[in-house]
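This is run_23.txt (compact mmCIF, C-alpha atoms).
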```
# COMPACT_ATOMS: atom_id res chain seq x y z
CA MET H 229 -3.62 11.59 61.65
CA SER H 230 -6.13 13.38 59.42
CA THR H 231 -9.78 12.44 59.51
CA ALA H 232 -11.88 11.89 56.39
CA LYS H 233 -14.30 14.50 55.15
CA HIS H 234 -17.78 14.08 56.56
CA VAL H 235 -21.17 14.64 54.95
CA GLU H 236 -22.74 17.99 55.84
CA SER H 237 -25.98 17.61 53.91
CA VAL H 238 -27.77 15.81 51.07
CA LEU H 239 -29.79 18.08 48.80
CA PRO H 240 -32.93 16.67 47.12
CA SER H 241 -33.41 16.28 43.40
CA PRO H 242 -34.30 19.74 42.06
CA PRO H 243 -37.26 20.50 39.74
CA THR H 244 -36.74 21.00 36.02
CA HIS H 245 -37.20 24.20 34.01
CA TRP H 246 -36.37 25.16 30.45
CA VAL H 247 -33.39 27.32 29.49
CA GLY H 248 -34.03 28.56 25.97
CA ASP H 249 -35.76 25.89 23.92
CA GLY H 250 -32.95 23.35 24.03
CA PHE H 251 -32.12 22.63 27.66
CA PRO H 252 -34.50 21.12 30.25
CA VAL H 253 -32.41 22.04 33.27
CA SER H 254 -32.35 21.06 36.94
CA SER H 255 -30.42 23.59 39.03
CA VAL H 256 -28.44 21.29 41.30
CA PHE H 257 -27.11 24.33 43.15
CA SER H 258 -26.98 28.10 42.69
CA PRO H 259 -25.42 31.08 44.53
CA ARG H 260 -28.53 31.39 46.68
CA SER H 261 -28.78 27.70 47.63
CA ILE H 262 -25.15 27.06 48.60
CA GLN H 263 -23.74 30.50 49.43
CA SER H 264 -19.98 29.89 49.76
CA LYS H 265 -20.14 26.20 50.74
CA LEU H 266 -18.83 25.01 47.36
CA SER H 267 -16.61 27.95 46.36
CA PRO H 268 -15.05 28.28 43.82
CA TYR H 269 -18.13 26.64 42.24
CA ILE H 270 -21.17 28.90 42.11
CA LEU H 271 -23.74 27.05 39.99
CA PHE H 272 -24.42 23.56 38.64
CA ASP H 273 -27.13 22.99 36.02
CA TYR H 274 -27.88 19.45 34.86
CA ALA H 275 -29.86 18.85 31.68
CA GLY H 276 -31.46 15.58 30.64
CA PRO H 277 -31.32 12.90 29.71
CA VAL H 278 -34.10 13.87 27.32
CA THR H 279 -34.89 12.79 23.77
CA PHE H 280 -35.28 15.44 21.06
CA GLU H 281 -37.06 14.64 17.81
CA PRO H 282 -35.35 15.50 14.50
CA SER H 283 -35.92 19.12 13.47
CA ASP H 284 -34.88 21.69 10.91
CA GLN H 285 -34.97 24.47 13.53
CA SER H 286 -31.94 25.02 15.76
CA ARG H 287 -32.57 24.72 19.50
CA GLY H 288 -30.66 26.24 22.38
CA VAL H 289 -29.85 29.59 23.94
CA ASP H 290 -29.28 32.72 21.88
CA SER H 291 -26.57 35.29 22.50
CA HIS H 292 -26.18 36.34 26.14
CA PRO H 293 -23.39 37.94 28.22
CA HIS H 294 -21.15 36.72 31.05
CA ARG H 295 -18.53 38.43 33.21
CA GLY H 296 -16.44 37.50 36.23
CA PHE H 297 -16.37 33.68 36.10
CA GLU H 298 -15.96 30.58 33.91
CA THR H 299 -18.57 28.31 32.35
CA VAL H 300 -17.72 24.61 32.11
CA THR H 301 -19.94 22.50 29.85
CA VAL H 302 -19.69 18.69 30.04
CA VAL H 303 -21.53 16.62 27.42
CA PHE H 304 -22.50 13.07 28.34
CA GLN H 305 -24.86 12.43 25.41
CA GLY H 306 -25.73 14.55 22.36
CA GLU H 307 -23.78 17.33 20.70
CA LEU H 308 -23.55 21.10 21.29
CA GLU H 309 -22.24 24.01 19.26
CA HIS H 310 -20.69 27.18 20.72
CA ARG H 311 -19.64 30.59 19.44
CA ASP H 312 -18.64 33.73 21.29
CA SER H 313 -17.66 37.36 20.78
CA ALA H 314 -13.98 36.59 21.44
CA GLY H 315 -13.95 34.66 18.16
CA ASN H 316 -14.09 31.15 19.61
CA SER H 317 -16.34 28.43 18.24
CA GLY H 318 -16.57 24.68 18.38
CA ILE H 319 -18.64 21.52 18.61
CA ILE H 320 -18.48 19.18 21.61
CA GLY H 321 -19.93 15.69 21.74
CA PRO H 322 -20.11 12.79 24.21
CA GLY H 323 -17.18 12.90 26.63
CA ASP H 324 -16.02 16.36 25.54
CA VAL H 325 -15.79 19.47 27.72
CA GLN H 326 -15.81 23.17 26.91
CA TRP H 327 -14.13 25.47 29.46
CA MET H 328 -14.92 29.12 28.71
CA THR H 329 -13.33 31.88 30.78
CA ALA H 330 -15.68 34.86 30.50
CA ALA H 331 -13.47 37.05 32.76
CA SER H 332 -13.86 40.69 31.58
CA GLY H 333 -16.80 39.75 29.41
CA VAL H 334 -18.07 37.84 26.40
CA LEU H 335 -21.30 37.29 24.56
CA HIS H 336 -21.88 33.68 23.59
CA GLU H 337 -24.54 31.33 22.38
CA GLU H 338 -25.02 27.61 22.96
CA LYS H 339 -27.14 25.45 20.68
CA HIS H 340 -27.63 21.87 19.64
CA SER H 341 -25.25 21.16 16.78
CA SER H 342 -26.66 21.17 13.24
CA GLU H 343 -26.16 17.41 12.95
CA PHE H 344 -27.80 16.64 16.30
CA THR H 345 -30.72 18.93 15.39
CA ARG H 346 -31.16 17.16 12.06
CA ARG H 347 -31.09 13.58 13.37
CA GLY H 348 -32.40 14.09 16.93
CA GLY H 349 -31.40 11.95 19.87
CA VAL H 350 -30.71 11.97 23.59
CA LEU H 351 -29.16 15.04 25.22
CA GLU H 352 -27.49 14.85 28.64
CA MET H 353 -25.09 17.51 29.84
CA ALA H 354 -24.00 19.61 32.78
CA GLN H 355 -22.92 23.22 32.97
CA LEU H 356 -21.00 24.50 35.96
CA TRP H 357 -19.97 28.04 36.83
CA VAL H 358 -16.56 28.49 38.46
CA ASN H 359 -15.84 31.79 40.18
CA LEU H 360 -12.73 33.80 39.42
CA PRO H 361 -10.81 35.64 42.16
CA ALA H 362 -11.04 39.43 42.05
CA ARG H 363 -7.57 39.74 40.55
CA HIS H 364 -8.65 37.74 37.47
CA LYS H 365 -12.23 38.93 36.93
CA MET H 366 -11.20 41.55 34.37
CA ASP H 367 -8.62 39.42 32.54
CA SER H 368 -9.03 38.76 28.82
CA PRO H 369 -11.52 35.98 27.98
CA GLY H 370 -10.23 32.49 27.26
CA TYR H 371 -11.46 29.20 25.82
CA GLN H 372 -10.44 25.54 26.12
CA THR H 373 -11.90 22.64 24.15
CA LEU H 374 -11.11 19.43 26.03
CA THR H 375 -11.87 16.49 23.78
CA ARG H 376 -12.68 13.08 25.21
CA ASP H 377 -9.28 11.71 24.15
CA ALA H 378 -7.45 14.57 25.89
CA ILE H 379 -9.04 13.88 29.30
CA PRO H 380 -7.07 11.29 31.31
CA THR H 381 -8.91 8.32 32.80
CA VAL H 382 -7.84 6.69 36.08
CA SER H 383 -8.67 3.07 36.94
CA LEU H 384 -9.74 2.91 40.58
CA ALA H 385 -8.37 0.42 43.09
CA ASP H 386 -9.93 -3.03 43.41
CA ASP H 387 -11.62 -2.69 40.02
CA ALA H 388 -14.14 -0.26 41.57
CA GLY H 389 -14.53 1.73 38.34
CA THR H 390 -12.98 4.68 36.56
CA ALA H 391 -12.61 8.44 36.97
CA ARG H 392 -12.09 10.92 34.15
CA ILE H 393 -9.95 13.76 35.49
CA ILE H 394 -11.26 16.90 33.80
CA ALA H 395 -9.63 19.24 36.32
CA GLY H 396 -7.58 18.87 39.48
CA ASP H 397 -5.13 16.24 40.64
CA PHE H 398 -6.11 12.63 41.23
CA SER H 399 -2.69 11.64 42.50
CA PRO H 400 -0.54 11.26 40.48
CA THR H 401 -2.75 12.09 37.46
CA ARG H 402 -3.27 15.75 36.58
CA GLY H 403 -6.51 16.92 34.97
CA ALA H 404 -6.79 18.24 31.42
CA ALA H 405 -8.04 21.77 32.17
CA ARG H 406 -5.97 24.85 32.97
CA THR H 407 -7.61 26.56 35.94
CA SER H 408 -7.13 29.92 37.65
CA THR H 409 -7.34 28.40 41.14
CA PRO H 410 -7.16 24.76 42.32
CA VAL H 411 -10.39 23.09 41.13
CA ILE H 412 -11.66 19.49 41.09
CA LEU H 413 -13.97 18.16 38.37
CA TRP H 414 -14.15 14.38 37.99
CA ASP H 415 -16.53 12.21 35.94
CA VAL H 416 -16.73 8.96 37.90
CA ARG H 417 -18.29 5.59 37.04
CA LEU H 418 -18.47 2.92 39.74
CA ARG H 419 -19.49 -0.72 39.68
CA LYS H 420 -22.21 -2.24 41.85
CA ARG H 421 -21.13 -2.92 45.46
CA ALA H 422 -17.77 -1.21 44.89
CA THR H 423 -15.89 0.98 47.36
CA ALA H 424 -13.74 3.87 46.16
CA THR H 425 -11.71 6.56 47.90
CA MET H 426 -11.47 9.99 46.30
CA PRO H 427 -8.25 11.95 47.10
CA ILE H 428 -9.66 15.36 48.08
CA PRO H 429 -7.29 17.62 50.06
CA ASN H 430 -7.99 19.04 53.49
CA GLY H 431 -9.34 22.59 53.20
CA PHE H 432 -11.05 21.98 49.84
CA ASN H 433 -14.80 22.34 49.47
CA ALA H 434 -16.31 19.30 47.73
CA ALA H 435 -19.58 17.68 46.69
CA VAL H 436 -20.81 14.60 44.84
CA PHE H 437 -23.67 14.73 42.34
CA VAL H 438 -25.26 11.35 41.61
CA ARG H 439 -26.13 11.19 37.91
CA SER H 440 -27.45 7.65 38.22
CA GLY H 441 -27.52 4.81 40.72
CA SER H 442 -27.42 4.77 44.52
CA VAL H 443 -24.41 5.41 46.75
CA ARG H 444 -23.42 5.71 50.40
CA VAL H 445 -20.94 8.48 51.15
CA GLY H 446 -18.62 8.47 54.15
CA GLY H 447 -20.38 5.46 55.58
CA THR H 448 -23.17 7.68 56.93
CA HIS H 449 -25.42 9.10 54.19
CA SER H 450 -27.17 7.52 51.21
CA ALA H 451 -27.94 9.39 48.00
CA ASP H 452 -29.89 8.46 44.90
CA ALA H 453 -29.96 9.74 41.33
CA ARG H 454 -30.03 13.54 40.92
CA GLN H 455 -29.16 14.22 44.56
CA LEU H 456 -26.15 16.25 45.74
CA VAL H 457 -23.98 15.32 48.71
CA ILE H 458 -22.10 18.28 50.25
CA LEU H 459 -18.94 17.44 52.18
CA SER H 460 -17.05 19.24 54.93
CA ARG H 461 -14.14 21.54 54.12
CA GLU H 462 -12.13 19.86 56.87
CA GLY H 463 -10.69 16.39 56.45
CA GLU H 464 -8.90 14.49 53.72
CA ASN H 465 -10.36 12.10 51.18
CA MET H 466 -13.87 10.74 50.75
CA THR H 467 -15.09 7.15 50.60
CA ILE H 468 -18.04 6.08 48.45
CA ARG H 469 -19.74 2.68 48.44
CA THR H 470 -22.22 1.86 45.72
CA GLU H 471 -25.47 -0.01 46.04
CA SER H 472 -25.80 -0.27 42.24
CA ASP H 473 -23.81 0.76 39.19
CA ALA H 474 -23.41 4.50 39.60
CA GLU H 475 -22.36 7.58 37.64
CA LEU H 476 -21.12 10.57 39.63
CA VAL H 477 -19.79 14.08 39.13
CA VAL H 478 -17.32 15.13 41.85
CA VAL H 479 -16.73 18.87 42.19
CA GLY H 480 -14.61 20.89 44.58
CA GLY H 481 -11.66 23.14 45.03
CA GLN H 482 -9.78 25.64 47.12
CA PRO H 483 -12.28 28.24 48.36
CA ILE H 484 -12.09 31.83 47.13
CA ASP H 485 -12.84 33.67 50.36
CA GLU H 486 -14.00 36.95 48.84
CA PRO H 487 -17.39 38.68 48.70
CA VAL H 488 -19.62 37.48 45.86
CA VAL H 489 -22.44 39.36 44.14
CA ALA H 490 -24.36 37.29 41.58
CA TYR H 491 -26.89 38.88 39.23
CA GLY H 492 -28.16 36.92 36.23
CA PRO H 493 -25.17 36.27 33.96
CA PHE H 494 -22.63 38.22 36.05
CA VAL H 495 -20.62 37.22 39.13
CA MET H 496 -18.59 40.02 40.70
CA ASN H 497 -17.47 41.26 44.14
CA THR H 498 -19.68 44.35 44.55
CA ALA H 499 -23.06 45.64 43.41
CA GLU H 500 -21.28 48.56 41.73
CA GLU H 501 -19.29 46.11 39.57
CA ILE H 502 -22.56 44.44 38.57
CA GLN H 503 -24.01 47.80 37.54
CA ARG H 504 -20.89 48.47 35.45
CA ALA H 505 -21.23 45.08 33.74
CA VAL H 506 -24.85 45.82 32.79
CA ALA H 507 -23.85 49.25 31.44
CA ASP H 508 -20.93 47.79 29.48
CA VAL H 509 -23.18 45.26 27.76
CA ARG H 510 -25.67 47.97 26.82
CA ASP H 511 -22.81 50.14 25.53
CA GLY H 512 -21.61 47.35 23.24
CA LYS H 513 -18.35 46.68 25.12
CA PHE H 514 -18.75 42.88 25.20
CA GLY H 515 -18.04 42.35 21.51
CA GLY H 516 -19.74 41.48 18.29
CA LEU H 517 -22.63 39.06 18.81
CA SER H 518 -26.16 40.42 18.93
CA TRP H 519 -27.88 40.32 22.32
CA SER H 520 -31.27 40.86 23.88
CA PRO H 521 -32.10 42.69 27.12
CA ARG H 522 -33.93 39.49 28.11
CA ALA H 523 -30.46 37.97 28.60
CA LEU H 524 -30.04 40.23 31.64
CA HIS H 525 -32.37 38.09 33.69
CA GLY H 526 -32.61 38.09 37.47
CA ARG H 527 -33.20 40.74 40.07
CA PRO H 528 -32.20 44.34 39.41
CA PRO H 529 -28.61 45.17 40.47
CA ARG H 530 -29.61 47.01 43.66
CA GLU H 531 -31.17 43.76 44.90
CA ALA H 532 -28.36 41.51 43.72
CA ARG H 533 -27.75 38.39 45.76
CA VAL H 534 -24.75 38.95 48.02
CA HIS H 535 -22.71 36.71 50.24
CA GLY H 536 -19.35 37.14 51.88
CA GLY H 537 -16.24 35.00 51.74
CA GLY H 538 -15.81 32.02 54.00
CA ALA H 539 -18.00 29.11 54.91
```

Here is the file; what I need is its structure written in the form of structure tokens.
Amino acid sequence: MSTAKHVESVLPSPPTHWVGDGFPVSSVFSPRSIQSKLSPYILFDYAGPVTFEPSDQSRGVDSHPHRGFETVTVVFQGELEHRDSAGNSGIIGPGDVQWMTAASGVLHEEKHSSEFTRRGGVLEMAQLWVNLPARHKMDSPGYQTLTRDAIPTVSLADDAGTARIIAGDFSPTRGAARTSTPVILWDVRLRKRATATMPIPNGFNAAVFVRSGSVRVGGTHSADARQLVILSREGENMTIRTESDAELVVVGGQPIDEPVVAYGPFVMNTAEEIQRAVADVRDGKFGGLSWSPRALHGRPPREARVHGGGA
């Protein structure tokens, strides 16, 4: 008989910093902080909730490059606008998700939508980076707009709450996103003093980010708003009991046990591949949007952060 996943650690609420002039971001985790513990996820930035006053000046992040992974943007409140050098563009609002596969490379920009800029309001969103296996890192870029109505919602047992299945299987419901490897991304809302079991397979990495409320995970560890609970790879399923109404983001997936080198906006397998990505951007091989060298933030390639495959 399989045992349940156990809690490995609870990470504290991270500090906030600005990304561009439109996103006050808390880095829930990054390649340095988690190494391979949450592969295929590499990064989780959470922005807001914060109120923006009406403006006639667009806010956000100007054109910047990515290669070797996917960006997943989930909007809880507010409205964002996207365009990229592969010719994709779109607006996503509350409940919508944008799943961009950078793969071999794109330039893109993310800003508050024109309407949200004009009227102002509350912005709350998350952006996650999902690694691609080596065999797919140089594939053609892709783009999925997952509207709120296209994302299935599951009612949890005993009226505990609901889960929106953005990616992965919540038996028997299949998530809306097409993914390169098995990935879990669930937007969960639980009622006060409810107990819910999440069907996470044995061998999957997994974690729970508490957007709001207080929860107890696995019967052993409590977590409050803006904290991250990291679970064991071994074991099946996860039980959560709430102490108040709670909003959660559950992430996880089948690990990609390959070396990872992360430098600024690039995630590859070797430092040499990072150096090639930087050169390709400077040589104009990422497409047609303008870009700034400031977009190549982080340490220089020879000091790129490196970790190997495996836990």

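Note that CA of Pro427 (chain H) and CA of Gln482 (chain H) are 13.8 Å apart.
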
Quiz item: Skipping near chain neighbours, those fewer than 4 positions away, what residues fall within 8 Å of Ala388 (chain H) using only C-alpha atoms, listed as an MDAnalysis selection string?
Solution: chainID H and resid 383:384 418:419 422:424

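Of the listed residues H:Val235, H:Lys365, H:Thr301, H:Val358, the one whose atoms come nearest to Ser258 (chain H) is H:Val358, with distances taken using all atoms listed in the file.
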
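In this model, the gap between CA of Asp511 (chain H) and CA of Gly315 (chain H) comes to 19.3 Å.
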
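Distance check against Pro277 (chain H) using all atoms listed in the file: of H:Ile320, H:Met328, H:Pro429, H:Arg439, the minimum falls on H:Arg439.
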
Practice problem: Find the residues around Asp312 (chain H) up to 7 Å (only C-alpha atoms counted), leave out those fewer than 6 positions away in its own chain, and share them as a VMD selection string. | Solution: chain H and resid 334 to 337

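The nearest approach to Phe272 (chain H) among the residues H:Arg469, H:His234, H:His364, H:Arg454, with all atoms listed in the file taken into account, belongs to H:Arg454.
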
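Closest approach to Val253 (chain H) from the set H:Met353, H:Ala435, H:Val382, H:Val488 is made by H:Met353, with distances taken over only C-alpha atoms.
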
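Using only C-alpha atoms, the shortest contact distance between Gly441 (chain H) and any of H:Pro242, H:Thr409, H:Ala474, H:Gln372 is found at H:Ala474.
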
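Atom to atom, CA of Ile468 (chain H) and CA of Val278 (chain H) stand 27.7 Å apart.
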
Quiz prompt | region 359-363 of chain H surroundings by all atoms listed in the file, 8 Å radius, close-in-sequence under 5 positions cut, as a PyMOL selection string | solution = chain H and resi 267-270+296-298+331+408-409+484+486+495-497

Quiz prompt | Residue list as an NGL selection string for point (-34.5, 26.1, 29.6), cut-off 12 Å, only C-alpha atoms | solution = :H and (243-255 or 273-276 or 287-290 or 338-339)

As AutoDock Vina command-line options, please report the centre and edge lengths, rounded to one decimal in Å, of the axis-aligned box that holds all listed atoms of region 280-292 of chain H with 6 Å of padding on each of the six sides.
```
--center_x -31.6 --center_y 25.5 --center_z 18.5 --size_x 22.9 --size_y 33.7 --size_z 27.2
```

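Restricting the calculation to all atoms listed in the file, the smallest distance between Val416 (chain H) and any of H:Thr467, H:Thr381, H:Thr401, H:Ser442 is found for H:Thr381.
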
Quiz item: Quick one: residues within 8 Å of Ser241 (chain H), all atoms listed in the file counted, chain neighbours fewer than 5 positions away excluded, as a PyMOL selection string?
Solution: chain H and resi 256+453-456

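Around Thr375 (chain H), within 12 Å and counting all atoms listed in the file, the residues found are Thr301, Val302, Val303, Gly318, Ile319, Ile320, Gly321, Pro322, Gly323, Asp324, Val325, Gln326, Trp327, Arg392, Ile394, Ala404 and Ala405 of chain H, once anything fewer than 6 positions away on its own chain is removed.
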